[in-house]
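Chemist: Attaching a single structure in structure tokens format; questions to follow.
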Amino acid sequence: MKISYVVIGGMFVMFLVFAVYGIITFDISIEEMKQLLSSRNEAFAFNIMQDLDQQIEKRISALQELTTINEIQVALIASNDKFKHLEEIKAANPQLNDSEITNSTLTPFMSEVIDRELTKELNRTKELYKDEYDFNVLQEISITNSYGANVALNSELSDDRKNDEDWWSIAKDKGVYHDNLKFREDLGNYMMTYAFRVEDSDKNFLGVMRVVVTIDDLLDSFVDEVELLKLPTRNVILLDDAGRVIYMDGIQKFENAQPVSYFDLISQGKDIGNFELGESNEDLRLISYAKSTGYKSFEGFDWVVVVDQQRSSFVDEFVDLRNSILLISVIGMIASVLIGFGISQLVTKPLKNLTNMAKSISQGNFDVRAKRSNVTELQIIGDSFNQMSESLQKLIETEKKLAEANAQVKNERFTAIGELAANVAHDLKNPLATVRSSAEILKRSRTEKDPELDKVIGRMDRAIARMSHQIEGVLNYVRTTPINMTSISIKSLIDSALETLEIPSNVSLTLPTKDDQIICDAKKMEIVFTNLILNAIQAIGKNTGTINIAIRSDDSFKTIEFQDSGPGVQEKIIDRIFEPLITTKEKGTGLGLSSCKNIVEQHGGSISVKNNPTAFSVKIPIQKKE
């Protein structure tokens, strides 16, 4: 693999990992930020809702304290005493019903029970609240006695009895009444009516105080808190028990409005919770809410405070960071490719030249030289290669001269040895012939059969044969004579070789079933076959064994294979078996297989050996007779 590819791949992967890490970190950060903001907005909503419940409870308690004012209780007791006259009227005029009494007969009487001073006191209380809060806290305030008749009111005089109104009866029975916010067209604002039971110190019922308060008073501190929390991407919303918006960027007209789309998620959820709106990060909104749970004796209005946080408030910064990471990663990937090509030109190309130089040196070409490089380290390596090339060239030349000298010495030595061996063999051949002739004369001239003499003559014959064989082996190796090429039968050559040998009884010989013709020097090839068969007999020794001779041919060669069941050639010398003086026999000259190799190579063929089983193969090329 090229270095440039490694550098490009490594840097590319590094920036790719950086980009993936940035995206994963972005997603994780978004999730963590959403959880953090959701929890924080839940706390905001809960605190705002608690403060609103507390404010309303304080207002209810403050209004309820008015019922304990001594002037109100004294006025109510006096009014109730005067109103007992109603019972007397009913008893005297049983034909009259309550409506007739209320609307006509008692009108002058109702005017008499109105406490003008108490009414003025209520008006002063109303103005006091307005001065303190700068708006009408108490839009209306009235007090009725235990019979439902008005005792004091800051609006127009009404002679109607209120004991048939829901607010009056609920306040009488439960102590406190309030209705839902309602828009008053005559006042142009949302109002809420409160009614409180008035009783003396002994808990005796004296009457009912009715107060109408504006939404401005109910939401006074709520609006202040909302303004502190309000952001361009975050809004605080107040919903009524039906999911309609009471407040969002100001008080809304909500009596005919539809509930918000996500109110079902709030109404079915816990008192405090959060959820997400939107299908993707682009339009994501975090909704955190807190339901009204009341404060002290105030049970709450079932209103809900919602904090609506838009995605942009917490995602945009991370989006910018993610985009920066992706931009850096893309630039890094492009830079990695450019740097890789730069390194390829600066480093890879010189390294490629050094590689080609090393290949040339390994092939024996020492004239190559490394090109100069702008990289110091590569230049040092190139100089080292140049020095190595010069040193190797000198070493090879030295080794070559030394090898030539050794070869020359060896050749001269072998030549001298060969000449000496040839002379010795030639000198021994004539006396040996004399000994052989004398032995033959001795055998023919004896008149009586002497067993002892037969043994001696037999030993002489075997010794003479062995010596003749060794002398012939030496002569065949050291002398090179021209070959006389003729076409001859391979089987006839094998038969001629066998005639000069004695096959022991423990050796089974298998001859080829088919015959073939080769072009060779018959005498020399007979020597090869004789040596190979004799070696096979000697390898088997006294053990029972077999020798198989086979003939094969292809388009280029005739192959004669001599296979025996002997122990095989030792592995340590099998590669050198055809070298001169290499033998495994105690009495061998080590020249037989070398002679065979020389003869076969004279014919342009080859000889080889293999083990398991042991087999010598002679390959003679197919050629026309010359």
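Residue numbering restarts at 1 for every chain of the structure tokens, chains are lettered A, B, ... in their displayed order, and ligands are numbered from 1 as they appear.
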Taking the DSSP assignment computed from this structure's backbone, write out as a list in words all residues of range 232-341 of chain A that belong to strand (DSSP E).
Modeler: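 Answer for range 232-341 of chain A restricted to strand (DSSP E) is Arg234, Asn235, Val236, Ile237, Leu238, Leu239, Val245, Ile246, Tyr247, Ile272, Gly273, Asn274, Phe275, Glu276, Leu277, Arg285, Leu286, Ile287, Ser288, Tyr289, Ala290, Lys291, Val304, Val305, Val306, Val307, Asp308, Gln309 and Gln310 of chain A.
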Chemist: Next, dump the selected residues to file, keeping only N, CA, C and O atoms, as an mmCIF file, in the first residue's frame.
Modeler:
data_model
loop_
_atom_site.group_PDB
_atom_site.id
_atom_site.type_symbol
_atom_site.label_atom_id
_atom_site.label_comp_id
_atom_site.auth_asym_id
_atom_site.auth_seq_id
_atom_site.Cartn_x
_atom_site.Cartn_y
_atom_site.Cartn_z
ATOM 1 N N ARG A 234 -39.292 32.867 24.246
ATOM 2 C CA ARG A 234 -39.970 32.189 25.357
ATOM 3 C C ARG A 234 -41.160 33.031 25.790
ATOM 4 O O ARG A 234 -41.048 34.235 25.985
ATOM 5 N N ASN A 235 -42.296 32.386 25.978
ATOM 6 C CA ASN A 235 -43.517 33.082 26.345
ATOM 7 C C ASN A 235 -44.189 32.356 27.498
ATOM 8 O O ASN A 235 -44.118 31.120 27.593
ATOM 9 N N VAL A 236 -44.826 33.144 28.376
ATOM 10 C CA VAL A 236 -45.564 32.585 29.506
ATOM 11 C C VAL A 236 -47.047 32.802 29.247
ATOM 12 O O VAL A 236 -47.472 33.921 28.925
ATOM 13 N N ILE A 237 -47.820 31.733 29.377
ATOM 14 C CA ILE A 237 -49.237 31.752 29.035
ATOM 15 C C ILE A 237 -50.040 31.280 30.245
ATOM 16 O O ILE A 237 -49.628 30.344 30.949
ATOM 17 N N LEU A 238 -51.191 31.925 30.475
ATOM 18 C CA LEU A 238 -52.102 31.498 31.534
ATOM 19 C C LEU A 238 -53.374 30.986 30.889
ATOM 20 O O LEU A 238 -54.004 31.681 30.085
ATOM 21 N N LEU A 239 -53.744 29.741 31.211
ATOM 22 C CA LEU A 239 -54.941 29.104 30.654
ATOM 23 C C LEU A 239 -55.977 28.924 31.752
ATOM 24 O O LEU A 239 -55.631 28.701 32.930
ATOM 25 N N VAL A 245 -56.930 30.785 26.535
ATOM 26 C CA VAL A 245 -55.829 31.666 26.930
ATOM 27 C C VAL A 245 -56.387 32.878 27.655
ATOM 28 O O VAL A 245 -57.129 33.695 27.076
ATOM 29 N N ILE A 246 -56.049 33.009 28.943
ATOM 30 C CA ILE A 246 -56.419 34.190 29.718
ATOM 31 C C ILE A 246 -55.394 35.293 29.497
ATOM 32 O O ILE A 246 -55.740 36.460 29.289
ATOM 33 N N TYR A 247 -54.128 34.880 29.514
ATOM 34 C CA TYR A 247 -53.059 35.876 29.362
ATOM 35 C C TYR A 247 -51.980 35.322 28.431
ATOM 36 O O TYR A 247 -51.496 34.206 28.610
ATOM 37 N N ILE A 272 -47.428 18.914 37.367
ATOM 38 C CA ILE A 272 -46.276 19.590 36.778
ATOM 39 C C ILE A 272 -45.698 18.659 35.720
ATOM 40 O O ILE A 272 -45.541 17.463 35.966
ATOM 41 N N GLY A 273 -45.376 19.187 34.549
ATOM 42 C CA GLY A 273 -44.827 18.327 33.506
ATOM 43 C C GLY A 273 -44.320 19.127 32.333
ATOM 44 O O GLY A 273 -44.331 20.364 32.321
ATOM 45 N N ASN A 274 -43.838 18.393 31.327
ATOM 46 C CA ASN A 274 -43.351 19.031 30.109
ATOM 47 C C ASN A 274 -43.475 18.032 28.958
ATOM 48 O O ASN A 274 -43.508 16.820 29.165
ATOM 49 N N PHE A 275 -43.509 18.556 27.775
ATOM 50 C CA PHE A 275 -43.535 17.726 26.567
ATOM 51 C C PHE A 275 -43.060 18.572 25.396
ATOM 52 O O PHE A 275 -42.880 19.798 25.510
ATOM 53 N N GLU A 276 -42.841 17.896 24.271
ATOM 54 C CA GLU A 276 -42.340 18.568 23.074
ATOM 55 C C GLU A 276 -43.443 18.662 22.032
ATOM 56 O O GLU A 276 -44.271 17.765 21.913
ATOM 57 N N LEU A 277 -43.404 19.740 21.275
ATOM 58 C CA LEU A 277 -44.290 19.912 20.136
ATOM 59 C C LEU A 277 -43.433 20.093 18.894
ATOM 60 O O LEU A 277 -42.393 20.751 18.937
ATOM 61 N N ARG A 285 -40.815 22.832 19.860
ATOM 62 C CA ARG A 285 -41.160 23.727 20.977
ATOM 63 C C ARG A 285 -41.227 22.883 22.237
ATOM 64 O O ARG A 285 -41.735 21.759 22.216
ATOM 65 N N LEU A 286 -40.720 23.449 23.316
ATOM 66 C CA LEU A 286 -40.785 22.799 24.620
ATOM 67 C C LEU A 286 -41.909 23.434 25.432
ATOM 68 O O LEU A 286 -41.905 24.652 25.650
ATOM 69 N N ILE A 287 -42.848 22.615 25.851
ATOM 70 C CA ILE A 287 -43.984 23.089 26.634
ATOM 71 C C ILE A 287 -43.818 22.565 28.065
ATOM 72 O O ILE A 287 -43.821 21.358 28.295
ATOM 73 N N SER A 288 -43.656 23.484 29.008
ATOM 74 C CA SER A 288 -43.607 23.134 30.433
ATOM 75 C C SER A 288 -44.810 23.783 31.104
ATOM 76 O O SER A 288 -45.174 24.924 30.769
ATOM 77 N N TYR A 289 -45.406 23.094 32.050
ATOM 78 C CA TYR A 289 -46.638 23.630 32.643
ATOM 79 C C TYR A 289 -46.714 23.277 34.128
ATOM 80 O O TYR A 289 -46.035 22.370 34.624
ATOM 81 N N ALA A 290 -47.574 24.033 34.823
ATOM 82 C CA ALA A 290 -47.879 23.765 36.241
ATOM 83 C C ALA A 290 -49.344 24.117 36.471
ATOM 84 O O ALA A 290 -49.796 25.207 36.093
ATOM 85 N N LYS A 291 -50.081 23.184 37.066
ATOM 86 C CA LYS A 291 -51.503 23.402 37.342
ATOM 87 C C LYS A 291 -51.666 24.077 38.696
ATOM 88 O O LYS A 291 -50.835 23.945 39.589
ATOM 89 N N VAL A 304 -53.879 27.046 34.587
ATOM 90 C CA VAL A 304 -52.603 26.426 34.246
ATOM 91 C C VAL A 304 -51.649 27.503 33.726
ATOM 92 O O VAL A 304 -52.035 28.312 32.866
ATOM 93 N N VAL A 305 -50.426 27.501 34.256
ATOM 94 C CA VAL A 305 -49.373 28.370 33.736
ATOM 95 C C VAL A 305 -48.504 27.536 32.776
ATOM 96 O O VAL A 305 -48.036 26.458 33.133
ATOM 97 N N VAL A 306 -48.313 28.043 31.568
ATOM 98 C CA VAL A 306 -47.531 27.348 30.537
ATOM 99 C C VAL A 306 -46.337 28.210 30.143
ATOM 100 O O VAL A 306 -46.492 29.413 29.919
ATOM 101 N N VAL A 307 -45.152 27.588 30.098
ATOM 102 C CA VAL A 307 -43.959 28.246 29.564
ATOM 103 C C VAL A 307 -43.647 27.588 28.219
ATOM 104 O O VAL A 307 -43.335 26.402 28.153
ATOM 105 N N ASP A 308 -43.764 28.372 27.159
ATOM 106 C CA ASP A 308 -43.578 27.894 25.781
ATOM 107 C C ASP A 308 -42.215 28.392 25.284
ATOM 108 O O ASP A 308 -42.019 29.588 25.080
ATOM 109 N N GLN A 309 -41.272 27.452 25.105
ATOM 110 C CA GLN A 309 -39.902 27.800 24.675
ATOM 111 C C GLN A 309 -39.704 27.321 23.245
ATOM 112 O O GLN A 309 -39.894 26.155 22.923
ATOM 113 N N GLN A 310 -39.286 28.228 22.373
ATOM 114 C CA GLN A 310 -39.041 27.866 20.983
ATOM 115 C C GLN A 310 -37.675 27.231 20.816
ATOM 116 O O GLN A 310 -36.764 27.450 21.607
#
Chemist: Excluding Thr293 in chain A and any residue of its chain fewer than 2 positions from it, enumerate the residues within 10 Å of it, using only C-alpha atoms, and give them as a list in words.
Modeler: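 So, after excluding close chain neighbours, the residues are Phe46, Met49, Gln50, Asp53, Asp271, Ala290, Lys291, Tyr295, Lys296, Phe298, Glu299, Gly300, Phe301, Asp302, Trp303 and Val304 of chain A.
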Chemist: Residues near Ser594 in chain A, anyone? I mean within 6 Å using only C-alpha atoms, not counting same-chain ones fewer than 6 positions away, as a list of chain:residue names.
Modeler: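 With the cut-off at 6 Å, the set is A:Phe578, A:Glu579, A:Pro580.
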Chemist: Selected residues, all heavy atoms, written as a PDB file, in the first residue's frame, please.
Modeler:
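Just written: selection_23.pdb:
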ATOM      1  N   PHE A 578      25.341 -36.651  -8.127  1.00  0.00           N
ATOM      2  CA  PHE A 578      25.989 -36.776  -9.440  1.00  0.00           C
ATOM      3  C   PHE A 578      27.336 -36.048  -9.506  1.00  0.00           C
ATOM      4  O   PHE A 578      27.933 -35.966 -10.572  1.00  0.00           O
ATOM      5  CB  PHE A 578      25.066 -36.241 -10.538  1.00  0.00           C
ATOM      6  CG  PHE A 578      23.801 -37.028 -10.692  1.00  0.00           C
ATOM      7  CD1 PHE A 578      22.584 -36.540 -10.221  1.00  0.00           C
ATOM      8  CD2 PHE A 578      23.827 -38.281 -11.294  1.00  0.00           C
ATOM      9  CE1 PHE A 578      21.435 -37.273 -10.354  1.00  0.00           C
ATOM     10  CE2 PHE A 578      22.659 -39.015 -11.436  1.00  0.00           C
ATOM     11  CZ  PHE A 578      21.467 -38.522 -10.962  1.00  0.00           C
ATOM     12  N   GLU A 579      27.778 -35.504  -8.342  1.00  0.00           N
ATOM     13  CA  GLU A 579      29.089 -34.882  -8.320  1.00  0.00           C
ATOM     14  C   GLU A 579      30.175 -35.968  -8.206  1.00  0.00           C
ATOM     15  O   GLU A 579      29.934 -37.034  -7.616  1.00  0.00           O
ATOM     16  CB  GLU A 579      29.203 -33.906  -7.143  1.00  0.00           C
ATOM     17  CG  GLU A 579      28.285 -32.697  -7.256  1.00  0.00           C
ATOM     18  CD  GLU A 579      28.443 -31.765  -6.079  1.00  0.00           C
ATOM     19  OE1 GLU A 579      29.360 -31.985  -5.252  1.00  0.00           O
ATOM     20  OE2 GLU A 579      27.650 -30.787  -5.981  1.00  0.00           O
ATOM     21  N   PRO A 580      31.374 -35.699  -8.708  1.00  0.00           N
ATOM     22  CA  PRO A 580      32.457 -36.706  -8.613  1.00  0.00           C
ATOM     23  C   PRO A 580      32.888 -36.932  -7.177  1.00  0.00           C
ATOM     24  O   PRO A 580      32.823 -36.022  -6.337  1.00  0.00           O
ATOM     25  CB  PRO A 580      33.580 -36.102  -9.464  1.00  0.00           C
ATOM     26  CG  PRO A 580      33.287 -34.639  -9.503  1.00  0.00           C
ATOM     27  CD  PRO A 580      31.804 -34.503  -9.470  1.00  0.00           C
TER      28      PRO A 580
END
Chemist: Using only C-alpha atoms, which of A:Thr376, A:Ser606, A:Ser292, A:Gln258 sits nearest Asn47 in chain A?
Modeler: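 Checking each candidate against Asn47 in chain A, we get A:Ser292 as the closest.
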Chemist: So what do you get for CA of Gly604 in chain A versus CA of Ile494 in chain A, distance-wise?
Modeler: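 Spanning CA of Gly604 in chain A to CA of Ile494 in chain A is a straight-line distance of 20.1 Å.
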Chemist: Counting only C-alpha atoms, which residues of range 507-562 of chain A sit at most 7 Å from some atom of range 487-493 of chain A, and what is each one's closest atom pair with its distance in Å to one decimal, listed by chain and rising residue number, as a tab-separated table?
Modeler:
residue	atom	partner	partner_atom	distance
A:Asp515	CA	A:Lys491	CA	5.9
A:Asp516	CA	A:Ile490	CA	5.8
A:Gln517	CA	A:Ser489	CA	4.6
A:Ile518	CA	A:Ser487	CA	5.5
A:Ile519	CA	A:Ser487	CA	4.2
A:Cys520	CA	A:Ser487	CA	6.5
A:Glu526	CA	A:Leu493	CA	5.7
Chemist: Write the residues of the preceding selection, restricted to all heavy atoms, as a PDB file, in the first residue's frame.
Modeler:
ATOM      1  N   ASP A 515       8.864 -51.527 -26.378  1.00  0.00           N
ATOM      2  CA  ASP A 515      10.186 -51.078 -26.779  1.00  0.00           C
ATOM      3  C   ASP A 515      10.060 -49.745 -27.506  1.00  0.00           C
ATOM      4  O   ASP A 515       8.973 -49.343 -27.929  1.00  0.00           O
ATOM      5  CB  ASP A 515      10.846 -52.121 -27.687  1.00  0.00           C
ATOM      6  CG  ASP A 515      12.345 -51.887 -27.854  1.00  0.00           C
ATOM      7  OD1 ASP A 515      12.877 -51.010 -27.121  1.00  0.00           O
ATOM      8  OD2 ASP A 515      12.963 -52.556 -28.689  1.00  0.00           O
ATOM      9  N   ASP A 516      11.172 -49.040 -27.610  1.00  0.00           N
ATOM     10  CA  ASP A 516      11.200 -47.775 -28.314  1.00  0.00           C
ATOM     11  C   ASP A 516      12.608 -47.558 -28.842  1.00  0.00           C
ATOM     12  O   ASP A 516      13.561 -48.215 -28.420  1.00  0.00           O
ATOM     13  CB  ASP A 516      10.799 -46.628 -27.382  1.00  0.00           C
ATOM     14  CG  ASP A 516      10.149 -45.489 -28.154  1.00  0.00           C
ATOM     15  OD1 ASP A 516      10.374 -45.403 -29.378  1.00  0.00           O
ATOM     16  OD2 ASP A 516       9.411 -44.683 -27.531  1.00  0.00           O
ATOM     17  N   GLN A 517      12.767 -46.652 -29.781  1.00  0.00           N
ATOM     18  CA  GLN A 517      14.048 -46.359 -30.394  1.00  0.00           C
ATOM     19  C   GLN A 517      14.583 -45.029 -29.872  1.00  0.00           C
ATOM     20  O   GLN A 517      13.812 -44.081 -29.622  1.00  0.00           O
ATOM     21  CB  GLN A 517      13.911 -46.271 -31.919  1.00  0.00           C
ATOM     22  CG  GLN A 517      13.480 -47.558 -32.599  1.00  0.00           C
ATOM     23  CD  GLN A 517      14.579 -48.595 -32.612  1.00  0.00           C
ATOM     24  OE1 GLN A 517      14.445 -49.657 -32.035  1.00  0.00           O
ATOM     25  NE2 GLN A 517      15.694 -48.283 -33.261  1.00  0.00           N
ATOM     26  N   ILE A 518      15.890 -44.927 -29.638  1.00  0.00           N
ATOM     27  CA  ILE A 518      16.535 -43.663 -29.314  1.00  0.00           C
ATOM     28  C   ILE A 518      17.757 -43.519 -30.211  1.00  0.00           C
ATOM     29  O   ILE A 518      18.316 -44.502 -30.703  1.00  0.00           O
ATOM     30  CB  ILE A 518      16.949 -43.571 -27.834  1.00  0.00           C
ATOM     31  CG1 ILE A 518      17.917 -44.711 -27.467  1.00  0.00           C
ATOM     32  CG2 ILE A 518      15.749 -43.541 -26.921  1.00  0.00           C
ATOM     33  CD1 ILE A 518      18.498 -44.552 -26.070  1.00  0.00           C
ATOM     34  N   ILE A 519      18.177 -42.279 -30.411  1.00  0.00           N
ATOM     35  CA  ILE A 519      19.394 -41.996 -31.161  1.00  0.00           C
ATOM     36  C   ILE A 519      20.478 -41.664 -30.157  1.00  0.00           C
ATOM     37  O   ILE A 519      20.364 -40.675 -29.408  1.00  0.00           O
ATOM     38  CB  ILE A 519      19.174 -40.834 -32.137  1.00  0.00           C
ATOM     39  CG1 ILE A 519      18.104 -41.221 -33.173  1.00  0.00           C
ATOM     40  CG2 ILE A 519      20.469 -40.458 -32.837  1.00  0.00           C
ATOM     41  CD1 ILE A 519      17.726 -40.105 -34.102  1.00  0.00           C
ATOM     42  N   CYS A 520      21.514 -42.512 -30.087  1.00  0.00           N
ATOM     43  CA  CYS A 520      22.542 -42.329 -29.066  1.00  0.00           C
ATOM     44  C   CYS A 520      23.809 -43.063 -29.493  1.00  0.00           C
ATOM     45  O   CYS A 520      23.854 -43.764 -30.502  1.00  0.00           O
ATOM     46  CB  CYS A 520      22.051 -42.849 -27.724  1.00  0.00           C
ATOM     47  SG  CYS A 520      21.790 -44.629 -27.700  1.00  0.00           S
ATOM     48  N   GLU A 526      25.136 -47.882 -23.064  1.00  0.00           N
ATOM     49  CA  GLU A 526      25.172 -49.176 -22.361  1.00  0.00           C
ATOM     50  C   GLU A 526      25.887 -49.024 -21.032  1.00  0.00           C
ATOM     51  O   GLU A 526      25.498 -49.635 -20.023  1.00  0.00           O
ATOM     52  CB  GLU A 526      25.858 -50.209 -23.239  1.00  0.00           C
ATOM     53  CG  GLU A 526      25.881 -51.609 -22.619  1.00  0.00           C
ATOM     54  CD  GLU A 526      26.596 -52.604 -23.506  1.00  0.00           C
ATOM     55  OE1 GLU A 526      26.633 -52.396 -24.740  1.00  0.00           O
ATOM     56  OE2 GLU A 526      27.119 -53.604 -22.962  1.00  0.00           O
TER      57      GLU A 526
END
Chemist: Considering only C-alpha atoms, can you say which of A:Gly458, A:Lys371, A:Asn70, A:Gly243 comes closest to Leu265 in chain A?
Modeler: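 Of A:Gly458, A:Lys371, A:Asn70, A:Gly243, the one nearest Leu265 in chain A is A:Gly243, counting only C-alpha atoms.
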Chemist: Pick out the residues sitting within 12 Å of Met191 in chain A, and hand them over as a list of chain:residue names; count only C-alpha atoms, and ignore anything fewer than 2 positions along from it in its own chain.
Modeler: A:Asn136, A:Val137, A:Leu138, A:Gln139, A:Glu140, A:His178, A:Asp179, A:Asn180, A:Leu181, A:Lys182, A:Phe183, A:Arg184, A:Glu185, A:Asp186, A:Leu187, A:Gly188, A:Asn189, A:Thr193, A:Tyr194, A:Val211, A:Val212, A:Val213, A:Thr214, A:Ile215, A:Asp216, A:Asp217, A:Leu218, A:Leu219, A:Glu255
Chemist: Between A:Ile573, A:Val507, A:Ile549, A:Met485, which has the minimum distance to Ser617 in chain A (counting only C-alpha atoms)?
Modeler: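 Looking only at the distances to Ser617 in chain A, the closest residue turns out to be A:Ile549.
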Chemist: How many Å separate CA of Ser336 in chain A from CA of Ile380 in chain A?
Modeler: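 So the two atoms, CA of Ser336 in chain A and CA of Ile380 in chain A, lie 27.0 Å apart.
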Chemist: What is the CA of Leu36 in chain A to CA of Lys230 in chain A distance in Å?
Modeler: 17.9 Å
Chemist: I want to know what sits within 6 Å of range 554-568 of chain A, based on only C-alpha atoms, with residues of the same chain fewer than 3 positions away left out; could you give that as a short mmCIF file (atom, residue, chain, number, x, y, z; two decimals) with C-alpha atoms, in the first residue's frame?
Modeler:
data_model
loop_
_atom_site.label_atom_id
_atom_site.label_comp_id
_atom_site.auth_asym_id
_atom_site.auth_seq_id
_atom_site.Cartn_x
_atom_site.Cartn_y
_atom_site.Cartn_z
CA ALA A 536 20.23 -50.75 -7.84
CA ALA A 539 21.41 -50.78 -2.96
CA ILE A 540 19.17 -53.84 -2.40
CA GLY A 545 14.01 -56.65 -3.59
CA THR A 546 12.84 -55.63 -7.02
CA ILE A 547 14.17 -53.58 -9.90
CA ASN A 548 11.63 -52.14 -12.36
CA ILE A 549 12.75 -50.70 -15.68
CA ALA A 550 10.17 -48.64 -17.59
CA ILE A 551 10.14 -46.68 -20.85
CA ASN A 611 13.27 -41.20 -3.28
CA THR A 614 14.22 -44.70 -5.35
CA ALA A 615 14.15 -44.01 -9.09
CA PHE A 616 16.81 -42.76 -11.56
CA SER A 617 15.37 -41.23 -14.73
CA VAL A 618 17.38 -40.79 -17.94
CA LYS A 619 15.83 -38.38 -20.43
CA ILE A 620 17.16 -38.49 -24.02
CA PRO A 621 15.88 -35.87 -26.47
CA ILE A 622 14.09 -37.04 -29.60
#
Chemist: Which polymer residues have any atom within 8 Å of an atom of Ile48 in chain A, counting only C-alpha atoms, with same-chain residues fewer than 3 positions away left out, as a ChimeraX atom specification?
Modeler: /A:44-45,51-52,222,225,305
